[in-house]
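For reference, work00.cif is printed below; it contains mmCIF, N, CA and C atoms.
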data_upload
#
loop_
_atom_site.label_atom_id
_atom_site.label_comp_id
_atom_site.auth_asym_id
_atom_site.auth_seq_id
_atom_site.Cartn_x
_atom_site.Cartn_y
_atom_site.Cartn_z
N GLN A 110 110.62 106.03 91.29
CA GLN A 110 111.91 105.57 91.79
C GLN A 110 111.76 104.91 93.15
N VAL A 111 112.63 103.94 93.37
CA VAL A 111 112.66 103.23 94.66
C VAL A 111 114.07 103.34 95.21
N GLN A 112 114.19 103.66 96.47
CA GLN A 112 115.49 103.73 97.12
C GLN A 112 115.63 102.53 98.07
N LEU A 113 116.81 101.95 98.07
CA LEU A 113 117.09 100.78 98.90
C LEU A 113 118.29 101.07 99.79
N VAL A 114 118.13 100.83 101.08
CA VAL A 114 119.22 101.05 102.03
C VAL A 114 119.49 99.76 102.78
N GLU A 115 120.72 99.26 102.65
CA GLU A 115 121.10 98.00 103.26
C GLU A 115 121.84 98.23 104.57
N SER A 116 121.80 97.22 105.41
CA SER A 116 122.59 97.23 106.64
C SER A 116 122.81 95.80 107.09
N GLY A 117 123.80 95.62 107.96
CA GLY A 117 123.98 94.33 108.59
C GLY A 117 125.19 93.53 108.15
N GLY A 118 125.97 94.02 107.21
CA GLY A 118 127.16 93.29 106.82
C GLY A 118 128.22 93.35 107.89
N GLY A 119 129.33 92.63 107.65
CA GLY A 119 130.42 92.66 108.62
C GLY A 119 131.34 91.48 108.47
N LEU A 120 132.15 91.28 109.49
CA LEU A 120 133.13 90.20 109.52
C LEU A 120 132.67 89.15 110.51
N VAL A 121 132.69 87.89 110.09
CA VAL A 121 132.27 86.81 110.96
C VAL A 121 133.14 85.59 110.69
N GLN A 122 133.30 84.76 111.68
CA GLN A 122 134.06 83.52 111.49
C GLN A 122 133.20 82.48 110.79
N ALA A 123 133.86 81.56 110.13
CA ALA A 123 133.15 80.45 109.48
C ALA A 123 132.26 79.74 110.49
N GLY A 124 131.06 79.42 110.06
CA GLY A 124 130.09 78.80 110.95
C GLY A 124 129.18 79.78 111.66
N GLY A 125 129.52 81.05 111.57
CA GLY A 125 128.74 82.08 112.24
C GLY A 125 127.54 82.52 111.43
N SER A 126 126.86 83.55 111.95
CA SER A 126 125.63 84.04 111.33
C SER A 126 125.66 85.56 111.20
N LEU A 127 124.95 86.04 110.21
CA LEU A 127 124.72 87.46 110.02
C LEU A 127 123.31 87.65 109.47
N ARG A 128 122.72 88.80 109.74
CA ARG A 128 121.44 89.13 109.14
C ARG A 128 121.55 90.46 108.42
N LEU A 129 121.22 90.43 107.15
CA LEU A 129 121.19 91.64 106.34
C LEU A 129 119.77 92.18 106.29
N SER A 130 119.67 93.49 106.27
CA SER A 130 118.37 94.15 106.14
C SER A 130 118.41 95.12 104.98
N CYS A 131 117.26 95.31 104.35
CA CYS A 131 117.16 96.25 103.25
C CYS A 131 115.80 96.94 103.33
N ALA A 132 115.83 98.24 103.53
CA ALA A 132 114.60 99.02 103.64
C ALA A 132 114.34 99.75 102.32
N ALA A 133 113.13 99.61 101.83
CA ALA A 133 112.74 100.25 100.58
C ALA A 133 111.89 101.47 100.87
N SER A 134 112.07 102.50 100.06
CA SER A 134 111.26 103.71 100.17
C SER A 134 111.03 104.28 98.78
N GLY A 135 110.10 105.23 98.69
CA GLY A 135 109.78 105.81 97.40
C GLY A 135 108.55 105.17 96.81
N ASN A 136 108.56 104.92 95.52
CA ASN A 136 107.40 104.38 94.81
C ASN A 136 107.35 102.85 94.94
N ILE A 137 107.11 102.41 96.17
CA ILE A 137 107.17 100.97 96.45
C ILE A 137 106.05 100.20 95.78
N PHE A 138 105.01 100.89 95.35
CA PHE A 138 103.91 100.19 94.68
C PHE A 138 104.30 99.75 93.27
N SER A 139 105.45 100.21 92.81
CA SER A 139 105.92 99.82 91.48
C SER A 139 106.70 98.52 91.50
N ILE A 140 106.92 97.95 92.70
CA ILE A 140 107.71 96.72 92.79
C ILE A 140 106.87 95.59 93.35
N ASP A 141 107.18 94.36 92.96
CA ASP A 141 106.48 93.21 93.54
C ASP A 141 107.43 92.11 93.96
N ALA A 142 108.72 92.39 93.91
CA ALA A 142 109.71 91.41 94.34
C ALA A 142 110.96 92.11 94.84
N MET A 143 111.59 91.51 95.81
CA MET A 143 112.87 92.00 96.33
C MET A 143 113.80 90.83 96.52
N GLY A 144 115.06 91.13 96.64
CA GLY A 144 115.99 90.04 96.81
C GLY A 144 117.40 90.51 97.07
N TRP A 145 118.31 89.54 97.02
CA TRP A 145 119.73 89.79 97.27
C TRP A 145 120.57 89.12 96.19
N TYR A 146 121.54 89.87 95.74
CA TYR A 146 122.59 89.36 94.87
C TYR A 146 123.91 89.52 95.63
N ARG A 147 124.94 88.86 95.13
CA ARG A 147 126.27 89.06 95.70
C ARG A 147 127.33 89.01 94.60
N GLN A 148 128.43 89.67 94.88
CA GLN A 148 129.53 89.65 93.93
C GLN A 148 130.83 89.54 94.70
N ALA A 149 131.54 88.46 94.44
CA ALA A 149 132.85 88.23 95.05
C ALA A 149 133.92 88.78 94.11
N PRO A 150 135.10 89.09 94.63
CA PRO A 150 136.18 89.63 93.79
C PRO A 150 136.49 88.70 92.62
N GLY A 151 136.52 89.26 91.43
CA GLY A 151 136.86 88.49 90.25
C GLY A 151 135.77 87.58 89.73
N LYS A 152 134.59 87.68 90.33
CA LYS A 152 133.48 86.82 89.91
C LYS A 152 132.29 87.65 89.46
N GLN A 153 131.39 87.01 88.71
CA GLN A 153 130.19 87.69 88.28
C GLN A 153 129.19 87.80 89.43
N ARG A 154 128.34 88.82 89.32
CA ARG A 154 127.28 88.95 90.32
C ARG A 154 126.31 87.80 90.17
N GLU A 155 125.87 87.23 91.29
CA GLU A 155 124.94 86.11 91.24
C GLU A 155 123.76 86.35 92.16
N GLN A 156 122.64 85.83 91.77
CA GLN A 156 121.42 85.96 92.56
C GLN A 156 121.47 85.00 93.73
N VAL A 157 121.25 85.50 94.92
CA VAL A 157 121.33 84.68 96.13
C VAL A 157 119.95 84.22 96.56
N ALA A 158 119.02 85.14 96.68
CA ALA A 158 117.67 84.80 97.14
C ALA A 158 116.72 85.91 96.74
N THR A 159 115.49 85.51 96.41
CA THR A 159 114.47 86.50 96.07
C THR A 159 113.16 86.12 96.73
N ILE A 160 112.29 87.12 96.90
CA ILE A 160 110.98 86.88 97.48
C ILE A 160 109.99 87.84 96.83
N THR A 161 108.83 87.29 96.47
CA THR A 161 107.80 88.12 95.85
C THR A 161 106.83 88.64 96.90
N ASN A 162 105.97 89.55 96.48
CA ASN A 162 104.96 90.07 97.41
C ASN A 162 104.07 88.95 97.94
N GLY A 163 103.91 87.93 97.11
CA GLY A 163 103.09 86.80 97.53
C GLY A 163 103.81 85.81 98.43
N GLY A 164 105.09 86.06 98.66
CA GLY A 164 105.85 85.21 99.57
C GLY A 164 106.60 84.07 98.90
N ASN A 165 106.56 84.02 97.57
CA ASN A 165 107.31 82.97 96.88
C ASN A 165 108.81 83.28 96.95
N THR A 166 109.59 82.27 97.29
CA THR A 166 111.03 82.46 97.45
C THR A 166 111.81 81.60 96.47
N ASN A 167 113.02 82.04 96.23
CA ASN A 167 113.93 81.30 95.37
C ASN A 167 115.34 81.49 95.91
N TYR A 168 116.14 80.41 95.90
CA TYR A 168 117.48 80.46 96.48
C TYR A 168 118.53 79.90 95.52
N LEU A 169 119.70 80.44 95.61
CA LEU A 169 120.88 79.87 94.98
C LEU A 169 121.14 78.51 95.62
N ASP A 170 121.46 77.52 94.80
CA ASP A 170 121.63 76.16 95.35
C ASP A 170 122.62 76.11 96.50
N SER A 171 123.70 76.85 96.39
CA SER A 171 124.77 76.75 97.39
C SER A 171 124.39 77.35 98.74
N VAL A 172 123.27 78.08 98.81
CA VAL A 172 122.87 78.67 100.09
C VAL A 172 121.60 78.02 100.66
N LYS A 173 121.00 77.12 99.90
CA LYS A 173 119.78 76.47 100.39
C LYS A 173 120.05 75.74 101.70
N GLY A 174 119.13 75.92 102.64
CA GLY A 174 119.29 75.29 103.94
C GLY A 174 120.13 76.11 104.91
N ARG A 175 120.81 77.14 104.42
CA ARG A 175 121.64 77.99 105.29
C ARG A 175 121.12 79.42 105.35
N PHE A 176 120.60 79.92 104.26
CA PHE A 176 120.10 81.30 104.18
C PHE A 176 118.57 81.29 104.13
N THR A 177 117.98 82.30 104.72
CA THR A 177 116.53 82.45 104.67
C THR A 177 116.19 83.90 104.36
N ILE A 178 115.38 84.10 103.32
CA ILE A 178 114.92 85.43 102.98
C ILE A 178 113.51 85.62 103.51
N SER A 179 113.25 86.80 104.02
CA SER A 179 111.92 87.10 104.54
C SER A 179 111.65 88.59 104.34
N ARG A 180 110.39 88.97 104.53
CA ARG A 180 110.07 90.38 104.36
C ARG A 180 109.01 90.81 105.36
N ASP A 181 109.09 92.07 105.72
CA ASP A 181 108.10 92.70 106.58
C ASP A 181 107.43 93.77 105.72
N ASN A 182 106.24 93.44 105.22
CA ASN A 182 105.58 94.36 104.29
C ASN A 182 105.20 95.68 104.96
N ALA A 183 104.90 95.64 106.25
CA ALA A 183 104.54 96.87 106.96
C ALA A 183 105.70 97.84 107.01
N LYS A 184 106.92 97.29 107.03
CA LYS A 184 108.13 98.13 107.11
C LYS A 184 108.82 98.25 105.75
N ASN A 185 108.25 97.62 104.73
CA ASN A 185 108.88 97.63 103.39
C ASN A 185 110.34 97.20 103.48
N THR A 186 110.58 96.17 104.24
CA THR A 186 111.94 95.71 104.51
C THR A 186 112.07 94.23 104.19
N VAL A 187 113.20 93.88 103.58
CA VAL A 187 113.51 92.48 103.32
C VAL A 187 114.75 92.12 104.11
N TYR A 188 114.80 90.88 104.57
CA TYR A 188 115.91 90.41 105.40
C TYR A 188 116.55 89.18 104.75
N LEU A 189 117.82 89.00 105.03
CA LEU A 189 118.50 87.77 104.64
C LEU A 189 119.24 87.25 105.86
N GLN A 190 118.69 86.19 106.43
CA GLN A 190 119.34 85.54 107.57
C GLN A 190 120.33 84.53 107.02
N MET A 191 121.58 84.69 107.37
CA MET A 191 122.64 83.83 106.85
C MET A 191 123.27 83.06 108.00
N ASN A 192 123.10 81.75 107.98
CA ASN A 192 123.65 80.87 109.01
C ASN A 192 124.71 79.96 108.40
N SER A 193 125.50 79.36 109.26
CA SER A 193 126.54 78.42 108.82
C SER A 193 127.38 79.02 107.69
N LEU A 194 127.80 80.23 107.90
CA LEU A 194 128.53 80.94 106.84
C LEU A 194 129.86 80.27 106.54
N LYS A 195 130.23 80.34 105.27
CA LYS A 195 131.47 79.75 104.78
C LYS A 195 132.34 80.84 104.16
N PRO A 196 133.65 80.62 104.10
CA PRO A 196 134.51 81.63 103.47
C PRO A 196 134.08 81.97 102.05
N GLU A 197 133.53 81.00 101.34
CA GLU A 197 133.09 81.26 99.96
C GLU A 197 131.85 82.13 99.88
N ASP A 198 131.24 82.44 101.01
CA ASP A 198 130.12 83.38 101.03
C ASP A 198 130.62 84.83 101.06
N THR A 199 131.92 85.01 101.21
CA THR A 199 132.48 86.36 101.24
C THR A 199 132.20 87.08 99.93
N ALA A 200 131.59 88.25 100.02
CA ALA A 200 131.21 89.02 98.84
C ALA A 200 130.60 90.34 99.27
N VAL A 201 130.38 91.20 98.30
CA VAL A 201 129.52 92.36 98.53
C VAL A 201 128.10 91.93 98.20
N TYR A 202 127.22 92.14 99.13
CA TYR A 202 125.82 91.75 98.96
C TYR A 202 125.00 92.98 98.62
N TYR A 203 124.19 92.84 97.57
CA TYR A 203 123.38 93.94 97.07
C TYR A 203 121.89 93.61 97.22
N CYS A 204 121.16 94.53 97.75
CA CYS A 204 119.70 94.42 97.78
C CYS A 204 119.16 94.88 96.43
N THR A 205 118.10 94.24 95.97
CA THR A 205 117.52 94.60 94.71
C THR A 205 116.00 94.54 94.80
N ALA A 206 115.33 95.26 93.90
CA ALA A 206 113.87 95.27 93.89
C ALA A 206 113.39 95.59 92.48
N GLY A 207 112.18 95.15 92.18
CA GLY A 207 111.62 95.43 90.88
C GLY A 207 110.34 94.68 90.63
N LYS A 208 109.96 94.63 89.37
CA LYS A 208 108.81 93.84 88.92
C LYS A 208 109.36 92.50 88.48
N TRP A 209 109.02 91.43 89.24
CA TRP A 209 109.57 90.10 88.92
C TRP A 209 109.32 89.77 87.46
N PRO A 210 110.33 89.22 86.74
CA PRO A 210 111.68 88.84 87.20
C PRO A 210 112.74 89.90 86.93
N LEU A 211 112.31 91.13 86.65
CA LEU A 211 113.28 92.18 86.34
C LEU A 211 113.56 93.01 87.59
N TYR A 212 114.82 93.09 87.95
CA TYR A 212 115.22 93.86 89.13
C TYR A 212 115.97 95.10 88.67
N GLU A 213 115.30 96.24 88.80
CA GLU A 213 115.88 97.47 88.26
C GLU A 213 116.44 98.40 89.31
N TYR A 214 116.12 98.16 90.56
CA TYR A 214 116.61 99.03 91.63
C TYR A 214 117.63 98.28 92.47
N TRP A 215 118.69 99.01 92.84
CA TRP A 215 119.79 98.38 93.56
C TRP A 215 120.23 99.24 94.74
N GLY A 216 120.63 98.56 95.80
CA GLY A 216 121.23 99.24 96.94
C GLY A 216 122.71 99.48 96.69
N GLN A 217 123.36 100.08 97.67
CA GLN A 217 124.76 100.44 97.50
C GLN A 217 125.70 99.28 97.78
N GLY A 218 125.20 98.24 98.39
CA GLY A 218 126.01 97.06 98.69
C GLY A 218 126.55 97.09 100.10
N THR A 219 126.67 95.91 100.68
CA THR A 219 127.25 95.78 102.02
C THR A 219 128.21 94.59 102.02
N GLN A 220 129.36 94.79 102.62
CA GLN A 220 130.41 93.77 102.59
C GLN A 220 130.15 92.70 103.64
N VAL A 221 130.24 91.45 103.22
CA VAL A 221 130.20 90.31 104.13
C VAL A 221 131.52 89.57 103.97
N THR A 222 132.24 89.42 105.06
CA THR A 222 133.51 88.72 105.04
C THR A 222 133.48 87.58 106.05
N VAL A 223 133.76 86.37 105.56
CA VAL A 223 133.75 85.19 106.41
C VAL A 223 135.17 84.66 106.50
N SER A 224 135.71 84.66 107.69
CA SER A 224 137.09 84.20 107.88
C SER A 224 137.10 82.71 108.22
N SER A 225 138.16 82.05 107.79
CA SER A 225 138.27 80.60 108.03
C SER A 225 138.97 80.31 109.34
#

Can the structure from this file be put into structure tokens for me?
Amino acid sequence: QVQLVESGGGLVQAGGSLRLSCAASGNIFSIDAMGWYRQAPGKQREQVATITNGGNTNYLDSVKGRFTISRDNAKNTVYLQMNSLKPEDTAVYYCTAGKWPLYEYWGQGTQVTVSS
């Protein structure tokens, strides 16, 4: 089992920035990829960004150029730097981990609210 603990959500004005963090613990050798999904009210959960142990990244088209995913392997932590935030980025953001491309472990979610 892998446990994921997120932090860093909050309320920000449009154009602002936030950084999400997700610390993994437990059987971390069973995972080779981590990432972030989000779910807005009334919408399906969507993949925002992922990163493999090898450093390969993938982004949702609507966040390319604004969001950056990174990881600190020594701390078993993944980050999502979110810049130029828009109201449509408002959602609950979930950290995820697993064996790429299957993500079987999930965090509890952290709310990101962007006001216009």

- Message: Is it possible to get the residues within 6.5 Å of (114.3, 95.3, 102.5) (coordinates as in the file, counting all atoms listed in the file) written as a list in words?
- Response: Ser130, Cys131, Ala132, Ala133, Asn185, Thr186, Val187 and Tyr188 of chain A

- Message: To test your reading of the syntax: which residues would the PyMOL selection byres ((chain A and resi 203-207) around 6) return for the file shown? Reply as a list in words.
- Response: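 Output from the PyMOL selection byres ((chain A and resi 203-207) around 6), applied to this file: Ser139, Ile140, Asp141, Ala142, Met143, Gly144, Trp145, Tyr146, Arg147, Gln148, Val201, Tyr202, Lys208, Trp209, Leu211, Tyr212, Glu213, Tyr214, Trp215, Gly216, Gln217, Gly218 and Thr219 of chain A.
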
- Have a look at A:Leu120, A:Glu115, A:Arg128, A:Ala158 and name the one nearest to Gln190 in chain A; count all atoms listed in the file.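 Using all atoms listed in the file, Gln190 in chain A sits closest to A:Arg128.
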
- Item | Selected residue, from A:Gln153, A:Ser134, A:Thr222, A:Asn162, that lies nearest to Gln110 in chain A when counting only C-alpha atoms | A:Ser134

- Item | Selection under test: the PyMOL selection byres ((chain A and resi 127) around 7); residues as JSON, numbers by chain | {"A": [117, 125, 126, 128, 129, 189, 190, 191, 192, 193, 194]}

Just the selected residues (N, CA and C atoms), exported as an mmCIF file, in the coordinates of the input, please.
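Output file result-v4.cif is given in full below:
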data_model
loop_
_atom_site.group_PDB
_atom_site.id
_atom_site.type_symbol
_atom_site.label_atom_id
_atom_site.label_comp_id
_atom_site.auth_asym_id
_atom_site.auth_seq_id
_atom_site.Cartn_x
_atom_site.Cartn_y
_atom_site.Cartn_z
ATOM 1 N N GLY A 117 123.800 95.620 107.960
ATOM 2 C CA GLY A 117 123.980 94.330 108.590
ATOM 3 C C GLY A 117 125.190 93.530 108.150
ATOM 4 N N GLY A 125 129.520 81.050 111.570
ATOM 5 C CA GLY A 125 128.740 82.080 112.240
ATOM 6 C C GLY A 125 127.540 82.520 111.430
ATOM 7 N N SER A 126 126.860 83.550 111.950
ATOM 8 C CA SER A 126 125.630 84.040 111.330
ATOM 9 C C SER A 126 125.660 85.560 111.200
ATOM 10 N N ARG A 128 122.720 88.800 109.740
ATOM 11 C CA ARG A 128 121.440 89.130 109.140
ATOM 12 C C ARG A 128 121.550 90.460 108.420
ATOM 13 N N LEU A 129 121.220 90.430 107.150
ATOM 14 C CA LEU A 129 121.190 91.640 106.340
ATOM 15 C C LEU A 129 119.770 92.180 106.290
ATOM 16 N N LEU A 189 117.820 89.000 105.030
ATOM 17 C CA LEU A 189 118.500 87.770 104.640
ATOM 18 C C LEU A 189 119.240 87.250 105.860
ATOM 19 N N GLN A 190 118.690 86.190 106.430
ATOM 20 C CA GLN A 190 119.340 85.540 107.570
ATOM 21 C C GLN A 190 120.330 84.530 107.020
ATOM 22 N N MET A 191 121.580 84.690 107.370
ATOM 23 C CA MET A 191 122.640 83.830 106.850
ATOM 24 C C MET A 191 123.270 83.060 108.000
ATOM 25 N N ASN A 192 123.100 81.750 107.980
ATOM 26 C CA ASN A 192 123.650 80.870 109.010
ATOM 27 C C ASN A 192 124.710 79.960 108.400
ATOM 28 N N SER A 193 125.500 79.360 109.260
ATOM 29 C CA SER A 193 126.540 78.420 108.820
ATOM 30 C C SER A 193 127.380 79.020 107.690
ATOM 31 N N LEU A 194 127.800 80.230 107.900
ATOM 32 C CA LEU A 194 128.530 80.940 106.840
ATOM 33 C C LEU A 194 129.860 80.270 106.540
#

- Message: With all atoms listed in the file as the counted atoms, please give the residues lying no more than 5 Å from Val221 in chain A, apart from itself and same-chain residues fewer than 5 positions off, as a ChimeraX atom specification.
- Response: /A:119,199-201

- Message: To one decimal place in Å, what is the distance between CA of Glu197 in chain A and CA of Ile178 in chain A?
- Response: 18.9 Å

Can you spit out range 148-205 of chain A with C-alpha atoms, as a short mmCIF file (atom, residue, chain, number, x, y, z; two decimals), in the first residue's frame, from the structure just given?
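Done, and the output landed in part-v9.cif:
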data_model
loop_
_atom_site.label_atom_id
_atom_site.label_comp_id
_atom_site.auth_asym_id
_atom_site.auth_seq_id
_atom_site.Cartn_x
_atom_site.Cartn_y
_atom_site.Cartn_z
CA GLN A 148 -12.55 17.28 -10.59
CA ALA A 149 -14.74 20.35 -10.87
CA PRO A 150 -18.38 20.35 -9.72
CA GLY A 151 -20.58 18.55 -12.21
CA LYS A 152 -17.64 17.43 -14.32
CA GLN A 153 -15.67 14.24 -14.74
CA ARG A 154 -12.29 13.81 -13.14
CA GLU A 155 -9.51 14.68 -15.58
CA GLN A 156 -5.81 14.06 -15.63
CA VAL A 157 -3.85 17.28 -15.18
CA ALA A 158 -0.20 16.23 -15.15
CA THR A 159 1.88 13.13 -14.59
CA ILE A 160 5.54 12.35 -14.12
CA THR A 161 7.38 9.04 -14.21
CA ASN A 162 10.39 7.97 -12.19
CA GLY A 163 12.42 8.65 -15.30
CA GLY A 164 11.19 12.23 -15.41
CA ASN A 165 8.84 11.93 -18.37
CA THR A 166 5.96 14.36 -18.03
CA ASN A 167 2.55 14.71 -19.57
CA TYR A 168 0.10 17.62 -19.31
CA LEU A 169 -3.52 18.39 -20.01
CA ASP A 170 -3.60 20.71 -23.02
CA SER A 171 -5.38 23.48 -21.14
CA VAL A 172 -2.62 23.73 -18.51
CA LYS A 173 0.43 23.48 -20.77
CA GLY A 174 2.71 26.45 -20.29
CA ARG A 175 1.05 27.36 -16.98
CA PHE A 176 1.50 24.28 -14.76
CA THR A 177 4.71 22.42 -14.04
CA ILE A 178 4.96 19.02 -12.39
CA SER A 179 8.15 18.00 -10.65
CA ARG A 180 9.32 15.48 -8.09
CA ASP A 181 11.87 15.15 -5.33
CA ASN A 182 12.77 11.48 -5.25
CA ALA A 183 14.70 11.84 -2.00
CA LYS A 184 11.53 13.09 -0.30
CA ASN A 185 9.12 10.89 -2.29
CA THR A 186 7.21 14.06 -3.05
CA VAL A 187 5.62 15.39 -6.21
CA TYR A 188 4.76 19.04 -6.77
CA LEU A 189 2.42 20.91 -9.07
CA GLN A 190 3.36 24.53 -9.62
CA MET A 191 0.33 26.34 -10.97
CA ASN A 192 0.81 29.80 -12.48
CA SER A 193 -1.53 32.15 -14.32
CA LEU A 194 -4.48 30.47 -12.69
CA LYS A 195 -7.91 30.86 -14.24
CA PRO A 196 -11.38 30.48 -12.72
CA GLU A 197 -11.82 27.34 -14.81
CA ASP A 198 -8.95 25.75 -12.88
CA THR A 199 -11.20 25.68 -9.83
CA ALA A 200 -11.55 22.05 -8.72
CA VAL A 201 -10.59 19.50 -6.15
CA TYR A 202 -7.10 18.33 -7.03
CA TYR A 203 -6.14 14.74 -6.28
CA CYS A 204 -2.66 13.30 -6.07
CA THR A 205 -2.28 9.87 -7.59
#
